[in-house]
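Structure file data.pdb (PDB, C-alpha atoms, pLDDT in the B column) is printed below.
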```pdb
ATOM      1  CA  ALA A  11       0.000   0.000   0.000  1.00 86.00           C
ATOM      2  CA  VAL A  12       1.027   3.583  -0.636  1.00 91.00           C
ATOM      3  CA  LEU A  13      -0.005   6.494   1.555  1.00 94.00           C
ATOM      4  CA  ASP A  14       0.014   9.795  -0.357  1.00 95.00           C
ATOM      5  CA  CYS A  15      -0.621  12.747   1.926  1.00 96.00           C
ATOM      6  CA  HIS A  16      -1.929  15.707  -0.078  1.00 94.00           C
ATOM      7  CA  LEU A  17      -1.577  18.868   1.979  1.00 93.00           C
ATOM      8  CA  MET A  18      -3.621  21.969   1.236  1.00 89.00           C
ATOM      9  CA  VAL A  19      -1.848  24.162   3.775  1.00 89.00           C
ATOM     10  CA  THR A  20       0.137  27.399   3.773  1.00 84.00           C
ATOM     11  CA  ASN A  21       3.245  26.040   5.521  1.00 88.00           C
ATOM     12  CA  PRO A  22       3.755  22.504   4.215  1.00 93.00           C
ATOM     13  CA  GLU A  23       7.296  22.376   5.608  1.00 93.00           C
ATOM     14  CA  ASP A  24       5.794  22.223   9.115  1.00 94.00           C
ATOM     15  CA  TYR A  25       4.380  18.765   8.346  1.00 97.00           C
ATOM     16  CA  VAL A  26       7.388  16.916   6.914  1.00 97.00           C
ATOM     17  CA  GLY A  27       8.497  15.447  10.260  1.00 98.00           C
ATOM     18  CA  PRO A  28       5.028  14.549  11.531  1.00 98.00           C
ATOM     19  CA  LEU A  29       4.042  12.865   8.244  1.00 98.00           C
ATOM     20  CA  LYS A  30       7.319  10.972   8.073  1.00 98.00           C
ATOM     21  CA  ASP A  31       6.700   9.742  11.624  1.00 98.00           C
ATOM     22  CA  ALA A  32       3.133   8.775  10.670  1.00 97.00           C
ATOM     23  CA  GLY A  33       4.411   6.583   7.825  1.00 97.00           C
ATOM     24  CA  ALA A  34       3.587   8.670   4.742  1.00 98.00           C
ATOM     25  CA  ASP A  35       5.127   7.447   1.484  1.00 98.00           C
ATOM     26  CA  ILE A  36       4.379  10.491  -0.684  1.00 98.00           C
ATOM     27  CA  PHE A  37       4.214  14.078   0.539  1.00 98.00           C
ATOM     28  CA  THR A  38       2.211  16.176  -1.929  1.00 97.00           C
ATOM     29  CA  PHE A  39       2.137  19.931  -1.435  1.00 95.00           C
ATOM     30  CA  HIS A  40       0.649  22.794  -3.407  1.00 92.00           C
ATOM     31  CA  TYR A  41       3.218  24.627  -5.490  1.00 90.00           C
ATOM     32  CA  GLU A  42       1.319  27.847  -4.831  1.00 85.00           C
ATOM     33  CA  ALA A  43       1.948  27.435  -1.072  1.00 83.00           C
ATOM     34  CA  THR A  44       5.734  27.472  -1.292  1.00 79.00           C
ATOM     35  CA  GLY A  45       6.226  31.186  -1.796  1.00 65.00           C
ATOM     36  CA  GLN A  46       7.932  30.633  -5.148  1.00 48.00           C
ATOM     37  CA  HIS A  47       6.365  33.826  -6.492  1.00 45.00           C
ATOM     38  CA  HIS A  48       7.991  36.061  -3.873  1.00 40.00           C
ATOM     39  CA  PRO A  49      10.930  38.143  -5.196  1.00 40.00           C
ATOM     40  CA  SER A  50      12.967  37.250  -2.096  1.00 42.00           C
ATOM     41  CA  SER A  51      12.909  33.595  -3.191  1.00 43.00           C
ATOM     42  CA  VAL A  52      14.973  34.088  -6.358  1.00 42.00           C
ATOM     43  CA  ARG A  53      18.118  31.907  -6.538  1.00 44.00           C
ATOM     44  CA  ARG A  54      20.083  29.876  -9.060  1.00 43.00           C
ATOM     45  CA  LEU A  55      19.044  26.347 -10.020  1.00 43.00           C
ATOM     46  CA  GLY A  56      20.734  26.085 -13.421  1.00 39.00           C
ATOM     47  CA  LYS A  57      19.353  29.558 -14.254  1.00 37.00           C
ATOM     48  CA  ASP A  58      17.679  32.298 -12.240  1.00 38.00           C
ATOM     49  CA  PHE A  59      14.469  30.813 -10.862  1.00 37.00           C
ATOM     50  CA  GLU A  60      11.981  31.666  -8.162  1.00 44.00           C
ATOM     51  CA  ALA A  61      12.352  28.243  -6.539  1.00 65.00           C
ATOM     52  CA  GLU A  62      14.276  28.449  -3.291  1.00 79.00           C
ATOM     53  CA  HIS A  63      11.391  27.548  -1.009  1.00 83.00           C
ATOM     54  CA  ALA A  64      10.034  24.749  -3.230  1.00 89.00           C
ATOM     55  CA  GLU A  65      13.519  23.325  -3.786  1.00 91.00           C
ATOM     56  CA  LYS A  66      14.290  23.357  -0.063  1.00 91.00           C
ATOM     57  CA  LEU A  67      10.987  21.639   0.721  1.00 94.00           C
ATOM     58  CA  CYS A  68      11.554  18.970  -1.950  1.00 96.00           C
ATOM     59  CA  ARG A  69      14.985  18.208  -0.538  1.00 96.00           C
ATOM     60  CA  GLU A  70      13.628  18.063   3.016  1.00 97.00           C
ATOM     61  CA  ILE A  71      10.909  15.609   1.941  1.00 98.00           C
ATOM     62  CA  LYS A  72      13.416  13.438   0.062  1.00 98.00           C
ATOM     63  CA  ASP A  73      15.831  13.513   3.018  1.00 98.00           C
ATOM     64  CA  ALA A  74      12.965  12.289   5.222  1.00 98.00           C
ATOM     65  CA  GLY A  75      12.624   9.249   2.958  1.00 98.00           C
ATOM     66  CA  MET A  76       9.372  10.199   1.246  1.00 98.00           C
ATOM     67  CA  LYS A  77       8.566  10.780  -2.403  1.00 98.00           C
ATOM     68  CA  VAL A  78       7.676  14.302  -3.520  1.00 98.00           C
ATOM     69  CA  GLY A  79       4.390  15.240  -5.151  1.00 98.00           C
ATOM     70  CA  ILE A  80       3.601  18.767  -6.264  1.00 96.00           C
ATOM     71  CA  ALA A  81       0.013  19.873  -6.851  1.00 95.00           C
ATOM     72  CA  LEU A  82      -0.962  22.564  -9.336  1.00 95.00           C
ATOM     73  CA  LYS A  83      -4.283  24.386  -9.190  1.00 94.00           C
ATOM     74  CA  PRO A  84      -6.134  24.610 -12.523  1.00 95.00           C
ATOM     75  CA  ALA A  85      -4.914  28.142 -13.308  1.00 92.00           C
ATOM     76  CA  THR A  86      -1.253  27.481 -12.413  1.00 91.00           C
ATOM     77  CA  GLU A  87       0.976  26.585 -15.335  1.00 90.00           C
ATOM     78  CA  PRO A  88       4.276  24.773 -14.818  1.00 90.00           C
ATOM     79  CA  ASP A  89       7.000  27.420 -14.886  1.00 87.00           C
ATOM     80  CA  GLU A  90      10.755  27.188 -15.448  1.00 86.00           C
ATOM     81  CA  ALA A  91      11.351  26.764 -11.731  1.00 85.00           C
ATOM     82  CA  LEU A  92       9.032  23.773 -11.544  1.00 91.00           C
ATOM     83  CA  HIS A  93      10.575  22.185 -14.637  1.00 94.00           C
ATOM     84  CA  ALA A  94      14.010  22.670 -13.040  1.00 91.00           C
ATOM     85  CA  LEU A  95      12.850  20.808  -9.925  1.00 94.00           C
ATOM     86  CA  ILE A  96      11.537  17.914 -12.022  1.00 96.00           C
ATOM     87  CA  ASP A  97      14.683  17.884 -14.182  1.00 96.00           C
ATOM     88  CA  ALA A  98      16.818  17.773 -11.023  1.00 95.00           C
ATOM     89  CA  GLY A  99      15.006  14.605  -9.893  1.00 97.00           C
ATOM     90  CA  LEU A 100      13.385  16.337  -6.944  1.00 97.00           C
ATOM     91  CA  VAL A 101       9.787  15.589  -7.978  1.00 98.00           C
ATOM     92  CA  ASP A 102       8.294  12.087  -8.220  1.00 98.00           C
ATOM     93  CA  MET A 103       4.710  13.000  -9.055  1.00 98.00           C
ATOM     94  CA  MET A 104       2.811  15.978 -10.435  1.00 98.00           C
ATOM     95  CA  LEU A 105      -0.787  16.352  -9.328  1.00 97.00           C
ATOM     96  CA  VAL A 106      -2.869  18.435 -11.717  1.00 98.00           C
ATOM     97  CA  LEU A 107      -6.063  19.551 -10.039  1.00 96.00           C
ATOM     98  CA  THR A 108      -8.991  19.375 -12.422  1.00 96.00           C
ATOM     99  CA  VAL A 109     -11.169  21.476 -10.113  1.00 94.00           C
ATOM    100  CA  GLU A 110     -10.505  24.371  -7.771  1.00 89.00           C
ATOM    101  CA  PRO A 111      -9.604  22.784  -4.430  1.00 86.00           C
ATOM    102  CA  GLY A 112     -11.912  22.799  -1.462  1.00 80.00           C
ATOM    103  CA  PHE A 113     -14.951  20.586  -1.863  1.00 77.00           C
ATOM    104  CA  GLY A 114     -15.923  17.273  -3.434  1.00 79.00           C
ATOM    105  CA  GLY A 115     -18.417  16.875  -6.230  1.00 80.00           C
ATOM    106  CA  ARG A 116     -17.156  19.663  -8.479  1.00 86.00           C
ATOM    107  CA  LYS A 117     -17.235  19.523 -12.273  1.00 92.00           C
ATOM    108  CA  PHE A 118     -14.144  18.193 -14.088  1.00 95.00           C
ATOM    109  CA  GLN A 119     -12.354  20.955 -16.035  1.00 95.00           C
ATOM    110  CA  SER A 120     -11.264  19.618 -19.427  1.00 97.00           C
ATOM    111  CA  ALA A 121      -9.332  22.834 -19.993  1.00 97.00           C
ATOM    112  CA  VAL A 122      -6.462  21.519 -17.824  1.00 97.00           C
ATOM    113  CA  MET A 123      -5.908  18.386 -19.928  1.00 98.00           C
ATOM    114  CA  PRO A 124      -3.307  20.123 -22.151  1.00 97.00           C
ATOM    115  CA  LYS A 125      -1.254  20.655 -18.974  1.00 97.00           C
ATOM    116  CA  VAL A 126      -1.471  16.929 -18.223  1.00 98.00           C
ATOM    117  CA  ALA A 127      -0.515  16.073 -21.808  1.00 98.00           C
ATOM    118  CA  ALA A 128       2.453  18.471 -21.771  1.00 97.00           C
ATOM    119  CA  LEU A 129       3.790  16.995 -18.529  1.00 98.00           C
ATOM    120  CA  ARG A 130       3.381  13.450 -19.871  1.00 98.00           C
ATOM    121  CA  LYS A 131       5.145  14.330 -23.139  1.00 97.00           C
ATOM    122  CA  LYS A 132       8.076  16.078 -21.445  1.00 97.00           C
ATOM    123  CA  TYR A 133       8.386  13.553 -18.585  1.00 98.00           C
ATOM    124  CA  PRO A 134       7.250  10.095 -19.754  1.00 97.00           C
ATOM    125  CA  GLN A 135       8.453   8.382 -16.551  1.00 96.00           C
ATOM    126  CA  LEU A 136       6.905  10.896 -14.126  1.00 97.00           C
ATOM    127  CA  ASP A 137       3.705   9.969 -12.332  1.00 97.00           C
ATOM    128  CA  VAL A 138       1.017  12.434 -13.428  1.00 98.00           C
ATOM    129  CA  GLU A 139      -2.032  12.466 -11.187  1.00 97.00           C
ATOM    130  CA  VAL A 140      -5.422  14.122 -11.690  1.00 97.00           C
ATOM    131  CA  ASP A 141      -7.865  14.988  -8.930  1.00 96.00           C
ATOM    132  CA  GLY A 142     -11.296  16.524  -9.172  1.00 94.00           C
ATOM    133  CA  GLY A 143     -14.449  15.461 -10.945  1.00 95.00           C
ATOM    134  CA  VAL A 144     -12.834  12.228 -12.110  1.00 96.00           C
ATOM    135  CA  GLY A 145     -15.332   9.446 -12.758  1.00 96.00           C
ATOM    136  CA  PRO A 146     -16.619   7.128 -15.469  1.00 97.00           C
ATOM    137  CA  ALA A 147     -17.611  10.044 -17.726  1.00 96.00           C
ATOM    138  CA  THR A 148     -14.232  11.823 -17.510  1.00 97.00           C
ATOM    139  CA  ILE A 149     -11.639   9.109 -16.953  1.00 98.00           C
ATOM    140  CA  ASP A 150     -10.973   8.367 -20.622  1.00 97.00           C
ATOM    141  CA  GLU A 151     -10.124  12.001 -21.329  1.00 98.00           C
ATOM    142  CA  ALA A 152      -7.758  12.159 -18.352  1.00 98.00           C
ATOM    143  CA  ALA A 153      -6.122   8.835 -19.216  1.00 98.00           C
ATOM    144  CA  ARG A 154      -5.660   9.771 -22.903  1.00 97.00           C
ATOM    145  CA  ALA A 155      -4.009  13.024 -21.807  1.00 98.00           C
ATOM    146  CA  GLY A 156      -1.459  10.994 -19.836  1.00 98.00           C
ATOM    147  CA  ALA A 157      -2.724  10.742 -16.272  1.00 98.00           C
ATOM    148  CA  ASN A 158      -1.556   7.482 -14.723  1.00 97.00           C
ATOM    149  CA  VAL A 159      -2.566   8.185 -11.106  1.00 96.00           C
ATOM    150  CA  ILE A 160      -6.207   8.930 -10.384  1.00 96.00           C
ATOM    151  CA  VAL A 161      -8.013  10.422  -7.394  1.00 95.00           C
ATOM    152  CA  ALA A 162     -11.739   9.788  -7.363  1.00 94.00           C
ATOM    153  CA  GLY A 163     -14.012  10.508  -4.451  1.00 93.00           C
ATOM    154  CA  THR A 164     -17.592  11.423  -5.241  1.00 93.00           C
ATOM    155  CA  ALA A 165     -17.766   9.104  -8.271  1.00 95.00           C
ATOM    156  CA  ILE A 166     -16.889   6.150  -6.035  1.00 96.00           C
ATOM    157  CA  PHE A 167     -18.687   7.059  -2.829  1.00 95.00           C
ATOM    158  CA  ASN A 168     -21.943   7.944  -4.602  1.00 95.00           C
ATOM    159  CA  ALA A 169     -21.920   4.860  -6.847  1.00 97.00           C
ATOM    160  CA  PRO A 170     -24.348   1.994  -6.253  1.00 97.00           C
ATOM    161  CA  ASP A 171     -21.419  -0.359  -6.901  1.00 97.00           C
ATOM    162  CA  PRO A 172     -18.116   1.335  -5.950  1.00 97.00           C
ATOM    163  CA  SER A 173     -16.009  -1.664  -6.980  1.00 97.00           C
ATOM    164  CA  LYS A 174     -17.421  -1.449 -10.512  1.00 97.00           C
ATOM    165  CA  VAL A 175     -16.451   2.229 -10.766  1.00 97.00           C
ATOM    166  CA  ILE A 176     -12.957   1.551  -9.427  1.00 97.00           C
ATOM    167  CA  SER A 177     -12.528  -1.263 -11.940  1.00 97.00           C
ATOM    168  CA  HIS A 178     -13.671   1.007 -14.772  1.00 97.00           C
ATOM    169  CA  LEU A 179     -11.248   3.784 -13.750  1.00 97.00           C
ATOM    170  CA  ARG A 180      -8.338   1.378 -13.417  1.00 96.00           C
ATOM    171  CA  THR A 181      -9.045  -0.307 -16.764  1.00 97.00           C
ATOM    172  CA  SER A 182      -9.280   3.021 -18.557  1.00 96.00           C
ATOM    173  CA  VAL A 183      -5.888   4.167 -17.259  1.00 96.00           C
ATOM    174  CA  GLU A 184      -4.255   0.815 -18.001  1.00 96.00           C
ATOM    175  CA  ASN A 185      -5.662   0.755 -21.558  1.00 95.00           C
ATOM    176  CA  ALA A 186      -4.422   4.282 -22.263  1.00 93.00           C
ATOM    177  CA  ALA A 187      -0.856   3.499 -21.166  1.00 82.00           C
TER     178      ALA A 187
END
```

Any chance you could put this one into structure tokens?
Amino acid sequence: AVLDCHLMVTNPEDYVGPLKDAGADIFTFHYEATGQHHPSSVRRLGKDFEAEHAEKLCREIKDAGMKVGIALKPATEPDEALHALIDAGLVDMMLVLTVEPGFGGRKFQSAVMPKVAALRKKYPQLDVEVDGGVGPATIDEAARAGANVIVAGTAIFNAPDPSKVISHLRTSVENAA
């Protein structure tokens, strides 16, 4: 089993130790929460990038023995700093949110699928996860775009036969690979 802890918090670095101690395998944080857009965060990582905070957090997570996941909200595009982190081997999984975070049951946003496809094309070995509005009606689109890790909540919990939905989601992703 794999325990991926997806944190929607402003100071994700405060949770590295506690989640390591709790047995987390993957520590996923929101890129927008790392302060990478603050001018004081500019440093060199191959080129000038606004990545000091995100890079430090990735290294801290890796040093704690966990894999690193980075979540992107629908409006956030991968920037040079994020690509540098992936290229440096500091990111194991990208989570592309297909809804604005906050509540379950929201409508899947197809408009973010080009982001998924671009990540898959540039990083064929990277795990690319989608979360939000994923269910039987949207899984094929997400899988064709390159998502190989799926988060589904409402579609499973509201289904008359959850195991059938899970099987459908899994089969769709496996067939798209």

- Query: Just so the selection is clear, what residues does the PyMOL selection byres ((chain A and resi 162) around 6) cover here, as a ChimeraX atom specification?
  - Reply: /A:144,161,163

- Task: For A:Ala81, list every protein, DNA or RNA residue within 9 Å, evaluated using only C-alpha atoms, and leave out those in the same chain fewer than 5 positions away; present the list as a list in words.
- Result: His16, Thr38, Phe39, His40, Tyr41, Glu42, Met103, Met104, Leu105, Val106, Leu107 and Glu139 of chain A

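A straight line drawn from atom CA of A:Thr148 to atom CA of A:Lys77 is 27.4 Å long.
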
- Message: I'd like to see the residues matched by the PyMOL selection byres ((chain A and resi 110) around 12) on this file, and ideally I'd get them as a count of residues only.
- Response: 24

- Run the PyMOL selection byres ((chain A and resi 25-28) around 8) on the file and write out the hits as a list in words. Asn21, Pro22, Glu23, Asp24, Leu29, Lys30, Asp31, Ala32, Phe37, Glu70, Ile71 and Ala74 of chain A

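Pairwise distance (atom CA of A:Pro88, atom CA of A:Thr181) equals 28.5 Å.
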
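With distances taken over all atoms listed in the file, A:Ala43 is the one residue among A:Leu100, A:Ala34, A:Leu92, A:Ala43 lying closest to A:Thr20.
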
- Spatial neighbours of A:Ala153, 6 Å, all atoms listed in the file, chain gap at least 4 places, as an MDAnalysis selection string: chainID A and resid 149 157 183 186

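As for atom CA of A:Leu179 and atom CA of A:Val101, they are spaced 24.8 Å apart.
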